[in-house]
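One file, data.cif, is given below (mmCIF, C-alpha atoms, pLDDT in the B column; chains and numbers go by the auth columns).
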data_final
#
loop_
_atom_site.group_PDB
_atom_site.id
_atom_site.type_symbol
_atom_site.label_atom_id
_atom_site.label_comp_id
_atom_site.label_asym_id
_atom_site.label_seq_id
_atom_site.Cartn_x
_atom_site.Cartn_y
_atom_site.Cartn_z
_atom_site.B_iso_or_equiv
_atom_site.auth_seq_id
_atom_site.auth_asym_id
ATOM 1 C CA MET A 1 -16.332 -7.354 -22.807 70.00 7 A
ATOM 2 C CA ALA A 2 -17.844 -3.939 -23.367 81.00 8 A
ATOM 3 C CA SER A 3 -15.614 -1.289 -24.918 85.00 9 A
ATOM 4 C CA ILE A 4 -16.169 0.923 -21.897 88.00 10 A
ATOM 5 C CA ASP A 5 -14.659 -1.814 -19.694 85.00 11 A
ATOM 6 C CA LEU A 6 -11.727 -2.082 -22.086 90.00 12 A
ATOM 7 C CA VAL A 7 -11.035 1.629 -21.612 91.00 13 A
ATOM 8 C CA GLY A 8 -11.302 1.111 -17.850 87.00 14 A
ATOM 9 C CA TYR A 9 -8.846 -1.785 -17.883 88.00 15 A
ATOM 10 C CA LEU A 10 -6.398 0.181 -20.045 93.00 16 A
ATOM 11 C CA ALA A 11 -6.577 3.142 -17.663 90.00 17 A
ATOM 12 C CA ALA A 12 -6.208 0.783 -14.697 87.00 18 A
ATOM 13 C CA THR A 13 -3.159 -0.879 -16.203 91.00 19 A
ATOM 14 C CA LEU A 14 -1.419 2.394 -16.993 93.00 20 A
ATOM 15 C CA THR A 15 -2.063 4.101 -13.646 89.00 21 A
ATOM 16 C CA THR A 16 -1.210 1.020 -11.608 88.00 22 A
ATOM 17 C CA ALA A 17 1.947 0.260 -13.591 91.00 23 A
ATOM 18 C CA ALA A 18 3.121 3.808 -12.906 89.00 24 A
ATOM 19 C CA PHE A 19 3.849 2.762 -9.303 85.00 25 A
ATOM 20 C CA LEU A 20 5.998 -0.246 -10.157 90.00 26 A
ATOM 21 C CA PRO A 21 9.220 1.739 -10.732 92.00 27 A
ATOM 22 C CA GLN A 22 8.741 3.493 -7.373 90.00 28 A
ATOM 23 C CA VAL A 23 8.251 0.197 -5.542 89.00 29 A
ATOM 24 C CA VAL A 24 11.307 -1.310 -7.226 92.00 30 A
ATOM 25 C CA GLN A 25 13.447 1.738 -6.420 92.00 31 A
ATOM 26 C CA VAL A 26 12.365 1.791 -2.767 91.00 32 A
ATOM 27 C CA TRP A 27 12.855 -1.972 -2.488 90.00 33 A
ATOM 28 C CA GLN A 28 16.360 -1.842 -3.954 93.00 34 A
ATOM 29 C CA SER A 29 17.609 1.331 -2.275 93.00 35 A
ATOM 30 C CA LYS A 30 15.806 0.886 1.057 88.00 36 A
ATOM 31 C CA SER A 31 15.486 4.679 0.982 90.00 37 A
ATOM 32 C CA THR A 32 12.249 6.611 1.320 90.00 38 A
ATOM 33 C CA LYS A 33 13.624 9.894 2.643 89.00 39 A
ATOM 34 C CA ASP A 34 12.307 11.842 -0.352 89.00 40 A
ATOM 35 C CA LEU A 35 8.772 10.483 -0.005 91.00 41 A
ATOM 36 C CA SER A 36 6.241 12.529 1.951 94.00 42 A
ATOM 37 C CA LEU A 37 4.457 10.444 4.601 95.00 43 A
ATOM 38 C CA PRO A 38 1.343 12.694 4.688 96.00 44 A
ATOM 39 C CA THR A 39 1.049 12.502 0.903 94.00 45 A
ATOM 40 C CA LEU A 40 1.495 8.732 0.930 95.00 46 A
ATOM 41 C CA LEU A 41 -1.136 8.301 3.679 97.00 47 A
ATOM 42 C CA SER A 42 -3.552 10.596 1.863 97.00 48 A
ATOM 43 C CA PHE A 43 -3.061 8.666 -1.378 95.00 49 A
ATOM 44 C CA ILE A 44 -3.605 5.329 0.388 97.00 50 A
ATOM 45 C CA ALA A 45 -6.831 6.676 1.915 98.00 51 A
ATOM 46 C CA GLY A 46 -8.017 7.852 -1.503 96.00 52 A
ATOM 47 C CA VAL A 47 -7.175 4.571 -3.206 96.00 53 A
ATOM 48 C CA SER A 48 -8.969 2.712 -0.410 98.00 54 A
ATOM 49 C CA MET A 49 -12.074 4.830 -1.004 97.00 55 A
ATOM 50 C CA TRP A 50 -11.890 4.152 -4.756 96.00 56 A
ATOM 51 C CA LEU A 51 -11.631 0.429 -3.997 97.00 57 A
ATOM 52 C CA ILE A 52 -14.707 0.591 -1.772 98.00 58 A
ATOM 53 C CA TYR A 53 -16.533 2.567 -4.454 97.00 59 A
ATOM 54 C CA GLY A 54 -15.578 0.000 -7.078 96.00 60 A
ATOM 55 C CA LEU A 55 -16.883 -2.790 -4.869 98.00 61 A
ATOM 56 C CA LEU A 56 -20.155 -0.946 -4.297 98.00 62 A
ATOM 57 C CA VAL A 57 -20.768 -0.298 -7.989 96.00 63 A
ATOM 58 C CA LYS A 58 -19.324 -3.679 -8.971 95.00 64 A
ATOM 59 C CA SER A 59 -16.824 -2.257 -11.458 92.00 65 A
ATOM 60 C CA ALA A 60 -14.066 -4.769 -12.163 90.00 66 A
ATOM 61 C CA PRO A 61 -11.637 -2.220 -13.681 90.00 67 A
ATOM 62 C CA ILE A 62 -11.947 0.073 -10.653 92.00 68 A
ATOM 63 C CA ILE A 63 -11.657 -2.833 -8.217 94.00 69 A
ATOM 64 C CA SER A 64 -8.640 -4.412 -9.882 92.00 70 A
ATOM 65 C CA ALA A 65 -6.724 -1.168 -10.410 92.00 71 A
ATOM 66 C CA ASN A 66 -7.224 0.123 -6.917 95.00 72 A
ATOM 67 C CA ALA A 67 -6.604 -3.219 -5.212 96.00 73 A
ATOM 68 C CA VAL A 68 -3.224 -3.560 -6.914 94.00 74 A
ATOM 69 C CA THR A 69 -2.373 0.136 -6.426 95.00 75 A
ATOM 70 C CA LEU A 70 -3.276 -0.168 -2.739 96.00 76 A
ATOM 71 C CA VAL A 71 -0.978 -3.165 -2.289 96.00 77 A
ATOM 72 C CA LEU A 72 1.896 -1.414 -4.069 93.00 78 A
ATOM 73 C CA ASN A 73 1.497 1.689 -1.929 95.00 79 A
ATOM 74 C CA LEU A 74 1.218 -0.337 1.273 96.00 80 A
ATOM 75 C CA VAL A 75 4.592 -1.865 0.348 94.00 81 A
ATOM 76 C CA ILE A 76 5.995 1.643 -0.058 94.00 82 A
ATOM 77 C CA LEU A 77 4.429 2.662 3.268 96.00 83 A
ATOM 78 C CA ARG A 78 6.005 -0.344 4.971 95.00 84 A
ATOM 79 C CA PHE A 79 9.414 0.747 3.716 93.00 85 A
ATOM 80 C CA LYS A 80 8.720 4.370 4.667 94.00 86 A
ATOM 81 C CA LEU A 81 7.882 3.356 8.232 95.00 87 A
ATOM 82 C CA LYS A 82 10.815 0.959 8.452 92.00 88 A
ATOM 83 C CA TYR A 83 13.532 3.060 6.831 88.00 89 A
ATOM 84 C CA GLY A 84 12.106 6.579 7.202 83.00 90 A
#

Mind turning the file's structure into structure tokens?
Amino acid sequence: MASIDLVGYLAATLTTAAFLPQVVQVWQSKSTKDLSLPTLLSFIAGVSMWLIYGLLVKSAPIISANAVTLVLNLVILRFKLKYG
């Protein structure tokens, strides 16, 4: 593995893991009242574009990070739509 990919995987791990506490809190509390729906939708759109970009350039760190981040944020969105 190239050292540049190692940096990419480290960055991917850190930025993706940053969403885990939010998902856990939303899951446990069933409360999303303090989360902005426009911000969440904008973030999901951006992460989706990064995922597409990663697929186009065939960058595993970008693909893996954004795929997992997208799933985590779709879970949050589901709760936001369900519990408001």

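As for atom CA of Leu12 of chain A and atom CA of Val63 of chain A, they are spaced 16.8 Å apart.
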
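With distances taken over all atoms listed in the file, A:Asn72 is the one residue among A:Ser48, A:Asn72, A:Ser37, A:Ser9 lying closest to Gly60 of chain A.
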
Result set of the PyMOL selection byres ((chain A and resi 74) around 12) on the coordinates above, as a PyMOL selection string = chain A and resi 18-26+50+53-54+56-57+67-73+75-81

Please identify all polymer residues within 10 Å of segment 38-45 of chain A, counting all atoms listed in the file, omitting same-chain residues fewer than 3 positions from it, and present them as JSON, numbers by chain.
-> {"A": [28, 31, 32, 33, 35, 48, 49, 50, 51, 82, 83, 85, 86, 87, 88, 89, 90]}

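Closest approach to Met7 of chain A among A:Ala66, A:Leu46, A:Leu61, A:Val30 is made by A:Ala66 (distances from only C-alpha atoms).
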
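Coordinates place atom CA of Gly52 of chain A at a distance of 23.0 Å from atom CA of Ile10 of chain A.
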